[in-house]
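Data file: model-v6.cif. Format and content: mmCIF, C-alpha atoms and all ligand atoms.
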data_target
loop_
_atom_site.label_atom_id
_atom_site.label_comp_id
_atom_site.auth_asym_id
_atom_site.auth_seq_id
_atom_site.Cartn_x
_atom_site.Cartn_y
_atom_site.Cartn_z
CA MET A 209 -7.58 -4.19 -45.16
CA ASP A 210 -9.53 -7.46 -44.78
CA SER A 211 -6.76 -9.35 -46.54
CA VAL A 212 -4.15 -7.73 -44.26
CA ASN A 213 -6.11 -8.91 -41.22
CA ARG A 214 -6.41 -12.38 -42.73
CA ILE A 215 -2.62 -12.56 -43.13
CA ILE A 216 -2.05 -11.26 -39.60
CA ASN A 217 -4.56 -13.83 -38.27
CA PHE A 218 -2.47 -16.51 -39.90
CA VAL A 219 1.02 -15.24 -39.00
CA PHE A 220 0.57 -13.54 -35.64
CA PRO A 221 -0.73 -16.36 -33.35
CA PRO A 222 2.30 -18.70 -33.79
CA LEU A 223 4.69 -15.72 -33.56
CA ALA A 224 2.96 -14.45 -30.41
CA LEU A 225 3.00 -17.91 -28.81
CA TYR A 226 6.66 -18.41 -29.68
CA GLY A 227 7.51 -14.92 -28.33
CA LEU A 228 5.66 -15.69 -25.10
CA PHE A 229 7.45 -19.03 -24.79
CA VAL A 230 10.86 -17.31 -25.10
CA PHE A 231 10.03 -14.13 -23.18
CA TYR A 232 8.01 -15.49 -20.25
CA PRO A 233 10.85 -17.22 -18.29
CA ILE A 234 13.03 -14.08 -18.56
CA TYR A 235 10.07 -11.90 -17.56
CA GLN A 236 9.30 -14.09 -14.54
CA ARG A 237 12.93 -13.99 -13.35
CA LEU A 238 13.03 -10.21 -13.71
CA LYS A 239 9.70 -9.90 -11.90
CA SER A 240 10.91 -12.02 -8.98
CA ALA A 241 14.07 -9.91 -8.68
CA VAL A 242 12.02 -6.69 -8.71
CA SER A 243 9.58 -8.15 -6.18
CA ILE A 244 12.42 -8.95 -3.72
CA TRP A 245 13.73 -5.42 -4.21
CA ARG A 246 10.26 -3.96 -3.58
CA ASN A 247 9.85 -5.97 -0.40
CA VAL A 248 13.14 -4.57 0.88
CA LEU A 249 12.28 -1.01 -0.13
CA SER A 250 8.64 -1.17 0.96
CA GLU A 251 7.12 2.31 1.51
CA ASN A 252 6.88 3.59 5.06
CA VAL A 253 3.54 5.39 5.41
CA ALA A 254 4.33 7.02 8.77
CA GLY A 255 3.65 10.75 8.42
CA LYS A 256 2.01 10.29 5.00
CA VAL A 257 -1.48 11.62 4.30
CA VAL A 258 -4.06 9.01 3.29
CA LEU A 259 -7.67 9.57 2.23
CA ILE A 260 -10.06 6.60 2.40
CA THR A 261 -13.64 6.67 1.10
CA GLY A 262 -16.30 4.37 2.56
CA ALA A 263 -14.32 4.29 5.81
CA ALA A 264 -17.24 3.77 8.23
CA SER A 265 -17.33 0.00 7.90
CA GLY A 266 -15.86 -3.15 6.39
CA ILE A 267 -12.68 -2.97 4.34
CA GLY A 268 -12.44 0.86 4.52
CA GLU A 269 -12.68 0.78 8.31
CA ALA A 270 -10.07 -1.97 8.60
CA LEU A 271 -7.78 -0.04 6.25
CA ALA A 272 -8.13 3.08 8.42
CA TYR A 273 -6.91 1.07 11.43
CA GLU A 274 -4.00 -0.49 9.51
CA TYR A 275 -2.83 2.87 8.13
CA GLY A 276 -3.36 4.35 11.62
CA LYS A 277 -1.17 1.67 13.23
CA LYS A 278 1.59 2.60 10.77
CA GLY A 279 1.38 6.27 11.78
CA ALA A 280 -0.33 7.78 8.71
CA TYR A 281 -2.44 10.97 8.90
CA LEU A 282 -5.96 10.10 7.83
CA ALA A 283 -8.84 11.78 6.04
CA LEU A 284 -11.83 9.46 6.32
CA VAL A 285 -14.94 9.86 4.18
CA ASP A 286 -18.31 8.16 4.39
CA ILE A 287 -21.95 8.91 3.79
CA ARG A 288 -22.85 8.03 7.42
CA ASP A 289 -21.62 10.28 10.22
CA GLU A 290 -21.93 8.34 13.47
CA PRO A 291 -19.97 5.19 12.59
CA LEU A 292 -17.44 7.34 10.74
CA PHE A 293 -16.67 9.44 13.82
CA HIS A 294 -16.33 6.24 15.82
CA VAL A 295 -13.83 4.80 13.31
CA ALA A 296 -11.90 8.10 13.28
CA ALA A 297 -11.56 8.03 17.08
CA LEU A 298 -10.41 4.40 17.03
CA ALA A 299 -7.89 5.04 14.24
CA GLU A 300 -6.32 7.75 16.40
CA LEU A 301 -6.20 5.33 19.31
CA TYR A 302 -4.42 2.82 17.05
CA GLY A 303 -1.67 5.34 16.36
CA SER A 304 -2.64 7.81 13.66
CA PRO A 305 -1.25 11.28 14.59
CA GLU A 306 -4.42 12.99 13.31
CA VAL A 307 -7.68 11.91 11.71
CA ILE A 308 -10.28 14.12 10.04
CA PRO A 309 -13.66 12.49 9.36
CA MET A 310 -15.73 14.03 6.56
CA VAL A 311 -19.31 13.14 5.74
CA ALA A 312 -19.84 13.14 1.98
CA ASP A 313 -21.48 11.28 -0.87
CA VAL A 314 -18.86 10.10 -3.38
CA SER A 315 -21.44 9.98 -6.16
CA LYS A 316 -21.67 13.80 -5.96
CA LEU A 317 -18.95 15.65 -7.88
CA HIS A 318 -18.98 18.67 -5.55
CA ASP A 319 -18.70 16.53 -2.43
CA CYS A 320 -15.56 14.89 -3.85
CA LYS A 321 -14.03 18.26 -4.74
CA ARG A 322 -14.83 19.51 -1.23
CA PHE A 323 -13.27 16.65 0.72
CA ILE A 324 -10.14 16.39 -1.43
CA GLN A 325 -9.54 20.14 -1.11
CA ALA A 326 -10.30 20.07 2.62
CA THR A 327 -7.74 17.29 3.08
CA VAL A 328 -5.00 19.15 1.23
CA LEU A 329 -5.88 22.42 2.98
CA HIS A 330 -5.66 20.71 6.36
CA PHE A 331 -2.61 18.46 5.90
CA GLY A 332 -0.84 20.30 3.08
CA ARG A 333 -0.49 17.21 0.88
CA LEU A 334 -2.02 13.93 -0.20
CA ASP A 335 -0.02 10.71 -0.57
CA HIS A 336 -2.52 7.85 -0.92
CA LEU A 337 -6.07 7.96 -2.23
CA VAL A 338 -8.06 4.82 -1.41
CA THR A 339 -11.27 4.68 -3.46
CA ASN A 340 -13.23 2.11 -1.51
CA ALA A 341 -16.84 3.31 -1.08
CA GLY A 342 -19.19 0.93 -2.85
CA VAL A 343 -22.61 -0.67 -2.87
CA ALA A 344 -23.88 -4.05 -4.05
CA PRO A 345 -26.99 -3.97 -6.25
CA LEU A 346 -28.42 -7.50 -6.18
CA TYR A 347 -31.28 -8.55 -8.47
CA LEU A 348 -31.93 -10.24 -11.77
CA PHE A 349 -31.81 -8.00 -14.83
CA GLU A 350 -35.20 -9.37 -15.99
CA ASP A 351 -36.82 -8.23 -12.70
CA ILE A 352 -36.03 -4.53 -13.24
CA ASP A 353 -39.08 -2.27 -13.79
CA ASP A 354 -37.33 1.10 -13.80
CA LEU A 355 -33.78 1.11 -15.20
CA SER A 356 -33.02 4.56 -13.77
CA LYS A 357 -33.00 2.97 -10.29
CA ALA A 358 -29.89 1.01 -11.28
CA MET A 359 -27.90 4.18 -11.99
CA PRO A 360 -26.86 5.09 -8.41
CA ALA A 361 -24.85 1.86 -8.20
CA MET A 362 -22.78 2.95 -11.19
CA ASP A 363 -22.59 6.51 -9.79
CA ILE A 364 -21.15 5.30 -6.49
CA ASN A 365 -18.98 2.37 -7.60
CA PHE A 366 -17.56 3.87 -10.80
CA TRP A 367 -18.07 7.64 -10.85
CA GLY A 368 -17.45 7.90 -7.10
CA SER A 369 -13.91 6.64 -7.71
CA VAL A 370 -13.38 8.71 -10.84
CA TYR A 371 -14.51 12.00 -9.22
CA CYS A 372 -12.10 11.62 -6.28
CA THR A 373 -9.26 10.69 -8.62
CA PHE A 374 -9.97 13.69 -10.83
CA PHE A 375 -9.61 16.17 -7.97
CA ALA A 376 -6.76 14.32 -6.26
CA SER A 377 -4.49 13.53 -9.20
CA SER A 378 -2.54 16.83 -9.26
CA TYR A 379 -1.74 16.47 -5.53
CA LEU A 380 -0.82 12.82 -5.99
CA LYS A 381 1.50 13.71 -8.85
CA LYS A 382 3.19 16.30 -6.64
CA SER A 383 3.78 13.78 -3.85
CA ARG A 384 4.49 10.92 -6.29
CA GLY A 385 1.67 9.22 -4.43
CA LYS A 386 -0.56 6.23 -4.99
CA ILE A 387 -4.13 5.38 -5.85
CA VAL A 388 -5.54 2.28 -4.23
CA VAL A 389 -8.61 1.08 -6.08
CA ILE A 390 -10.89 -1.37 -4.32
CA ALA A 391 -12.44 -3.20 -7.25
CA SER A 392 -13.68 -6.79 -6.88
CA GLY A 393 -13.17 -10.32 -8.14
CA CYS A 394 -16.61 -9.69 -9.73
CA GLY A 395 -14.89 -7.27 -12.11
CA TYR A 396 -13.24 -10.32 -13.70
CA ILE A 397 -15.73 -13.11 -13.03
CA ALA A 398 -19.41 -12.89 -13.95
CA SER A 399 -21.83 -13.37 -11.05
CA PRO A 400 -25.53 -13.77 -11.75
CA ARG A 401 -27.81 -11.19 -10.02
CA LEU A 402 -24.86 -8.80 -9.76
CA SER A 403 -24.82 -7.52 -13.34
CA PHE A 404 -24.48 -3.84 -12.41
CA TYR A 405 -22.02 -4.58 -9.64
CA CYS A 406 -19.83 -6.66 -11.98
CA ALA A 407 -20.13 -4.00 -14.70
CA SER A 408 -19.18 -1.17 -12.32
CA LYS A 409 -16.15 -3.07 -11.04
CA ALA A 410 -15.04 -4.10 -14.54
CA ALA A 411 -15.33 -0.43 -15.55
CA VAL A 412 -13.23 0.57 -12.54
CA ILE A 413 -10.53 -1.98 -13.46
CA ALA A 414 -10.40 -0.88 -17.11
CA PHE A 415 -10.40 2.80 -16.15
CA TYR A 416 -7.52 2.55 -13.67
CA GLU A 417 -5.48 0.26 -15.95
CA THR A 418 -5.74 2.99 -18.58
CA LEU A 419 -4.94 5.71 -16.07
CA ARG A 420 -1.88 3.76 -14.92
CA SER A 421 -0.48 3.81 -18.44
CA GLU A 422 -1.27 7.53 -18.73
CA PHE A 423 0.37 8.39 -15.39
CA GLY A 424 3.49 6.28 -15.96
CA SER A 425 5.72 6.49 -12.91
CA LYS A 426 4.16 9.75 -11.63
CA VAL A 427 1.42 8.04 -9.62
CA GLY A 428 1.30 4.38 -8.57
CA VAL A 429 -1.94 2.49 -9.08
CA THR A 430 -2.77 -0.68 -7.14
CA ILE A 431 -5.94 -2.40 -8.26
CA VAL A 432 -7.32 -4.62 -5.52
CA ALA A 433 -9.79 -7.41 -6.25
CA PRO A 434 -11.04 -8.88 -2.98
CA GLY A 435 -12.97 -12.14 -2.90
CA VAL A 436 -15.57 -12.40 -0.14
CA VAL A 437 -14.68 -10.25 2.84
CA ASP A 438 -16.57 -9.95 6.11
CA SER A 439 -18.36 -6.57 6.01
CA GLU A 440 -21.85 -5.07 6.07
CA MET A 441 -22.05 -5.94 2.38
CA THR A 442 -21.40 -9.62 2.97
CA GLN A 443 -23.65 -9.56 6.04
CA GLY A 444 -26.51 -9.01 3.62
CA LYS A 445 -26.70 -5.26 2.87
CA PHE A 446 -27.82 -4.98 -0.74
CA MET A 447 -29.32 -2.39 -3.05
CA THR A 448 -32.68 -3.57 -4.41
CA LYS A 449 -34.04 -3.09 -7.93
CA ASN A 450 -35.88 -0.02 -6.54
CA GLY A 451 -32.60 1.56 -5.43
CA GLN A 452 -33.33 1.01 -1.73
CA PHE A 453 -30.97 -0.61 0.75
CA ILE A 454 -32.07 -3.72 2.58
CA VAL A 455 -30.37 -6.15 4.91
CA ASP A 456 -31.42 -9.63 3.89
CA LYS A 457 -29.32 -12.37 5.43
CA GLU A 458 -31.48 -15.12 3.93
CA LEU A 459 -30.90 -13.81 0.43
CA ARG A 460 -27.19 -13.51 1.17
CA ASP A 461 -27.05 -17.14 2.25
CA GLN A 462 -29.01 -18.23 -0.79
CA VAL A 463 -27.05 -16.40 -3.40
CA GLN A 464 -23.77 -14.97 -2.43
CA ILE A 465 -21.47 -16.58 0.02
CA SER A 466 -23.06 -19.83 1.11
CA LEU A 467 -20.16 -21.89 -0.17
CA LEU A 468 -17.34 -19.38 -0.30
CA PRO A 469 -14.80 -18.85 2.48
CA VAL A 470 -15.18 -15.38 4.00
CA GLU A 471 -12.00 -13.50 4.82
CA SER A 472 -11.84 -11.08 7.75
CA ALA A 473 -11.70 -7.39 6.84
CA GLU A 474 -8.61 -7.04 9.02
CA ARG A 475 -6.67 -9.72 7.16
CA CYS A 476 -7.76 -8.25 3.82
CA ALA A 477 -6.70 -4.74 4.91
CA LYS A 478 -3.29 -5.98 6.06
CA ALA A 479 -2.75 -7.66 2.68
CA ILE A 480 -3.82 -4.48 0.86
CA LEU A 481 -1.46 -2.23 2.81
CA ARG A 482 1.45 -4.65 2.32
CA SER A 483 0.77 -4.78 -1.39
CA VAL A 484 0.35 -1.00 -1.76
CA CYS A 485 3.57 -0.28 0.15
CA ARG A 486 5.39 -2.74 -2.12
CA GLY A 487 4.03 -0.84 -5.11
CA ASP A 488 2.17 -3.83 -6.60
CA ARG A 489 0.06 -3.22 -9.68
CA TYR A 490 -2.59 -5.78 -8.72
CA LEU A 491 -3.69 -7.59 -5.62
CA LEU A 492 -6.08 -10.52 -5.79
CA GLU A 493 -7.03 -11.29 -2.19
CA PRO A 494 -7.14 -14.14 -1.29
CA ALA A 495 -4.66 -15.30 -3.91
CA TRP A 496 -6.72 -18.33 -5.02
CA ILE A 497 -9.03 -15.96 -6.94
CA SER A 498 -6.33 -15.78 -9.61
CA CYS A 499 -6.92 -19.51 -10.34
CA VAL A 500 -10.63 -18.82 -10.92
CA ILE A 501 -9.70 -16.01 -13.31
CA LEU A 502 -7.34 -18.38 -15.12
CA TRP A 503 -10.20 -20.85 -15.54
CA LYS A 504 -12.43 -18.01 -16.73
CA VAL A 505 -9.88 -17.13 -19.46
CA PHE A 506 -9.36 -20.69 -20.67
CA CYS A 507 -12.66 -22.43 -19.82
CA SER A 508 -15.29 -19.69 -19.49
CA GLU A 509 -18.20 -22.15 -19.95
CA VAL A 510 -17.14 -23.94 -16.77
CA THR A 511 -16.86 -20.78 -14.63
CA ASP A 512 -20.16 -19.46 -16.05
CA SER A 513 -21.98 -22.67 -15.16
CA LEU A 514 -20.38 -22.78 -11.73
CA GLY A 515 -21.41 -19.16 -11.06
CA ARG A 516 -24.96 -19.92 -12.17
CA TRP A 517 -25.17 -22.97 -9.97
CA LEU A 518 -23.68 -21.15 -6.97
CA VAL A 519 -25.77 -18.00 -7.20
CA MET A 520 -28.98 -19.08 -8.90
CA GLY A 521 -29.18 -22.49 -7.21
N1 LIG A 601 -16.99 -7.35 1.18
C1 LIG A 601 -16.67 -8.00 0.09
O1 LIG A 601 -16.78 -9.23 0.04
C2 LIG A 601 -16.12 -7.26 -1.09
C3 LIG A 601 -15.62 -8.03 -2.14
C4 LIG A 601 -15.10 -7.38 -3.25
C5 LIG A 601 -15.08 -5.99 -3.28
N2 LIG A 601 -15.59 -5.28 -2.26
C6 LIG A 601 -15.56 -3.83 -2.37
O2 LIG A 601 -14.95 -3.29 -1.23
C7 LIG A 601 -15.45 -1.97 -1.00
C8 LIG A 601 -15.86 -1.85 0.46
O3 LIG A 601 -16.96 -2.70 0.69
P1 LIG A 601 -17.27 -3.42 2.08
O4 LIG A 601 -17.42 -4.83 1.80
O5 LIG A 601 -16.31 -2.97 3.10
O6 LIG A 601 -18.75 -2.87 2.33
P2 LIG A 601 -19.36 -1.94 3.47
O7 LIG A 601 -19.06 -2.49 4.81
O8 LIG A 601 -20.78 -1.74 3.09
O9 LIG A 601 -18.53 -0.57 3.28
C9 LIG A 601 -18.78 0.34 2.27
C10 LIG A 601 -18.88 1.72 2.87
O10 LIG A 601 -19.05 2.68 1.81
C11 LIG A 601 -20.08 3.58 2.21
N3 LIG A 601 -20.76 4.21 1.10
C12 LIG A 601 -21.74 3.70 0.33
N4 LIG A 601 -22.14 4.60 -0.55
C13 LIG A 601 -21.42 5.72 -0.33
C14 LIG A 601 -21.41 7.01 -0.93
N5 LIG A 601 -22.22 7.32 -1.93
N6 LIG A 601 -20.54 7.93 -0.45
C15 LIG A 601 -19.71 7.64 0.58
N7 LIG A 601 -19.70 6.44 1.18
C16 LIG A 601 -20.54 5.48 0.74
C17 LIG A 601 -21.04 2.70 2.98
O11 LIG A 601 -21.95 3.47 3.73
P3 LIG A 601 -23.44 2.87 3.90
O12 LIG A 601 -23.29 1.65 4.72
O13 LIG A 601 -24.21 3.93 4.59
O14 LIG A 601 -23.98 2.58 2.55
C18 LIG A 601 -20.09 1.85 3.81
O15 LIG A 601 -19.75 2.49 5.00
C19 LIG A 601 -16.61 -1.78 -1.98
O16 LIG A 601 -16.17 -1.02 -3.08
C20 LIG A 601 -16.94 -3.19 -2.41
O17 LIG A 601 -17.50 -3.22 -3.69
C21 LIG A 601 -16.12 -5.89 -1.16
#
Entire entry expressed as structure tokens:
Amino acid sequence: MDSVNRIINFVFPPLALYGLFVFYPIYQRLKSAVSIWRNVLSENVAGKVVLITGAASGIGEALAYEYGKKGAYLALVDIRDEPLFHVAALAELYGSPEVIPMVADVSKLHDCKRFIQATVLHFGRLDHLVTNAGVAPLYLFEDIDDLSKAMPAMDINFWGSVYCTFFASSYLKKSRGKIVVIASGCGYIASPRLSFYCASKAAVIAFYETLRSEFGSKVGVTIVAPGVVDSEMTQGKFMTKNGQFIVDKELRDQVQISLLPVESAERCAKAILRSVCRGDRYLLEPAWISCVILWKVFCSEVTDSLGRWLVMG
């Protein structure tokens, strides 16, 4: 077997490069044609049923308003009740025919089962599932005293998405619906102090890429990787190494977004909805993130050093 691999190592790279050289221009032309077609046939979400987790603030909140403006029925989920009810009322004002707010913790399997079933019981169907709820654990790995305190971040960011998807997938298959996964640019690009955040988002990306190939055309999957978006998270709400939430604007300015342009949640949500309705597989928002990922693939030492300098100072 080793000799077979040695031969493949020798033969495959030039063949693969040649194939790419021949195939890529055709692929790009086909992709452009399909993209024009998708823009023309963009999905109309009026009357569709959309469930959004983490809808009480930030990107989830802005998405609730955008879907509401387009006339979608909404099931909004968050761990906090008061801001959630406020968002639900506003989404109805923006144009949603009906909004049901549900307080739940996405890291709890039974909560996810409950709110997915409640949505389908109430509206009779589910068309889009937006797995958005997330937290940002921010600390150096070497500073951790108790590793178990890091687990909730994975439970919310990764398992919270998986649980909802598990209970929603049969309904989504029935409606030939869509899953909108709010991952992060950090799922592709390493960011010091955010090891568990990056790991959870990378896991989310890998999981939904796999699911997309399992589902085929039955359920659409759009993986969204936002850059830095104005939200409670980017206003300094972090999970500490002890698993507690703090709001530390000084730390935020030191480590996270001091040099990066912050996009408004509204603009990000508009881009997400446009992309989802077009049936895109990926959305990197803002688009310049794709250039950073390109640099990461070809010159990872440079992006690593830049990340270290930006975040560690
Ligand atoms: N903002 C950015 O720059 C950025 C960039 C890339 C990716 N993202 C991703 O975008 C998503 C939304 O983040 P955001 O920036 O809009 O942050 P946000 O304003 O903090 O919104 C996240 C929402 O999720 C809720 N949530 C947290 N844990 C939950 C749980 N266990 N069950 C149910 N709801 C829960 C939060 O409630 P609490 O406030 O009570 O915790 C909050 O309302 C996240 O997945 C995040 O990783 C954000």
Please identify all polymer residues within 9 Å of Gly395 (chain A), counting only C-alpha atoms, omitting same-chain residues fewer than 4 positions from it, and present them as a short mmCIF file (atom, residue, chain, number, x, y, z; two decimals) with C-alpha atoms, in the frame of the given file.
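Final file, result19.cif:
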data_model
loop_
_atom_site.label_atom_id
_atom_site.label_comp_id
_atom_site.auth_asym_id
_atom_site.auth_seq_id
_atom_site.Cartn_x
_atom_site.Cartn_y
_atom_site.Cartn_z
CA ALA A 391 -12.44 -3.20 -7.25
CA TYR A 405 -22.02 -4.58 -9.64
CA CYS A 406 -19.83 -6.66 -11.98
CA ALA A 407 -20.13 -4.00 -14.70
CA SER A 408 -19.18 -1.17 -12.32
CA LYS A 409 -16.15 -3.07 -11.04
CA ALA A 410 -15.04 -4.10 -14.54
CA ALA A 411 -15.33 -0.43 -15.55
CA VAL A 412 -13.23 0.57 -12.54
CA ILE A 413 -10.53 -1.98 -13.46
CA ALA A 433 -9.79 -7.41 -6.25
#
Residues within 7 Å of ligand LIG 601 (chain A), counting all atoms listed in the file: report them as a PyMOL selection string.
-> chain A and resi 261-268+285-288+312-315+340-344+364-365+390-393+433-442+445
Using all atoms listed in the file, which residues sit within 10 Å of Gly428 (chain A) once same-chain residues fewer than 2 positions away are excluded, as an NGL selection string?
-> :A and (336 or 380-381 or 384-388 or 419-420 or 423-426 or 430-431 or 484 or 487-489)
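Counting from CA of Phe453 (chain A), the distance to CA of Arg516 (chain A) is 24.0 Å.
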Excluding Cys485 (chain A) and any residue of its chain fewer than 4 positions from it, enumerate the residues within 7 Å of it, using all atoms listed in the file, and give them as a PyMOL selection string.
-> chain A and resi 250-251+481
Of the listed residues A:His318, A:Lys277, A:His330, A:Lys478, that which approaches Ser304 (chain A) most closely, counting only C-alpha atoms |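 With only C-alpha atoms as the atom set, the closest residue is A:Lys277.
Nearest-residue note for Tyr396 (chain A): choosing from A:Thr327, A:Ser243, A:Gln452, A:Thr511, the minimum distance belongs to A:Thr511, counting only C-alpha atoms.
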Would you fill out region 393-408 of chain A with N, CA and C atoms and return it as a PDB file, in the coordinates of the input?
ATOM      1  N   GLY A 393     -13.313  -9.150  -7.286  1.00  0.00           N
ATOM      2  CA  GLY A 393     -13.170 -10.320  -8.140  1.00  0.00           C
ATOM      3  C   GLY A 393     -14.298 -10.354  -9.170  1.00  0.00           C
ATOM      4  N   CYS A 394     -15.458  -9.737  -8.811  1.00  0.00           N
ATOM      5  CA  CYS A 394     -16.610  -9.690  -9.730  1.00  0.00           C
ATOM      6  C   CYS A 394     -16.316  -8.851 -10.976  1.00  0.00           C
ATOM      7  N   GLY A 395     -15.281  -8.031 -10.927  1.00  0.00           N
ATOM      8  CA  GLY A 395     -14.890  -7.270 -12.110  1.00  0.00           C
ATOM      9  C   GLY A 395     -14.274  -8.163 -13.177  1.00  0.00           C
ATOM     10  N   TYR A 396     -13.844  -9.365 -12.760  1.00  0.00           N
ATOM     11  CA  TYR A 396     -13.240 -10.320 -13.700  1.00  0.00           C
ATOM     12  C   TYR A 396     -14.162 -11.515 -13.975  1.00  0.00           C
ATOM     13  N   ILE A 397     -14.944 -11.873 -12.936  1.00  0.00           N
ATOM     14  CA  ILE A 397     -15.730 -13.110 -13.030  1.00  0.00           C
ATOM     15  C   ILE A 397     -17.221 -12.768 -12.940  1.00  0.00           C
ATOM     16  N   ALA A 398     -17.979 -13.206 -13.929  1.00  0.00           N
ATOM     17  CA  ALA A 398     -19.410 -12.890 -13.950  1.00  0.00           C
ATOM     18  C   ALA A 398     -20.130 -13.551 -12.787  1.00  0.00           C
ATOM     19  N   SER A 399     -21.021 -12.797 -12.132  1.00  0.00           N
ATOM     20  CA  SER A 399     -21.830 -13.370 -11.050  1.00  0.00           C
ATOM     21  C   SER A 399     -23.277 -13.025 -11.302  1.00  0.00           C
ATOM     22  N   PRO A 400     -24.123 -14.035 -11.524  1.00  0.00           N
ATOM     23  CA  PRO A 400     -25.530 -13.770 -11.750  1.00  0.00           C
ATOM     24  C   PRO A 400     -26.132 -12.935 -10.619  1.00  0.00           C
ATOM     25  N   ARG A 401     -27.114 -12.119 -10.931  1.00  0.00           N
ATOM     26  CA  ARG A 401     -27.810 -11.190 -10.020  1.00  0.00           C
ATOM     27  C   ARG A 401     -26.980  -9.946  -9.698  1.00  0.00           C
ATOM     28  N   LEU A 402     -25.718  -9.947 -10.096  1.00  0.00           N
ATOM     29  CA  LEU A 402     -24.860  -8.800  -9.760  1.00  0.00           C
ATOM     30  C   LEU A 402     -24.392  -8.092 -11.024  1.00  0.00           C
ATOM     31  N   SER A 403     -25.266  -8.051 -12.035  1.00  0.00           N
ATOM     32  CA  SER A 403     -24.820  -7.520 -13.340  1.00  0.00           C
ATOM     33  C   SER A 403     -24.254  -6.104 -13.225  1.00  0.00           C
ATOM     34  N   PHE A 404     -24.963  -5.221 -12.486  1.00  0.00           N
ATOM     35  CA  PHE A 404     -24.480  -3.840 -12.410  1.00  0.00           C
ATOM     36  C   PHE A 404     -23.258  -3.720 -11.508  1.00  0.00           C
ATOM     37  N   TYR A 405     -23.201  -4.568 -10.505  1.00  0.00           N
ATOM     38  CA  TYR A 405     -22.020  -4.580  -9.640  1.00  0.00           C
ATOM     39  C   TYR A 405     -20.800  -5.026 -10.460  1.00  0.00           C
ATOM     40  N   CYS A 406     -20.945  -6.146 -11.166  1.00  0.00           N
ATOM     41  CA  CYS A 406     -19.830  -6.660 -11.980  1.00  0.00           C
ATOM     42  C   CYS A 406     -19.418  -5.608 -13.019  1.00  0.00           C
ATOM     43  N   ALA A 407     -20.428  -4.992 -13.656  1.00  0.00           N
ATOM     44  CA  ALA A 407     -20.130  -4.000 -14.700  1.00  0.00           C
ATOM     45  C   ALA A 407     -19.392  -2.803 -14.109  1.00  0.00           C
ATOM     46  N   SER A 408     -19.831  -2.351 -12.920  1.00  0.00           N
ATOM     47  CA  SER A 408     -19.180  -1.170 -12.320  1.00  0.00           C
ATOM     48  C   SER A 408     -17.732  -1.494 -11.950  1.00  0.00           C
TER      49      SER A 408
END
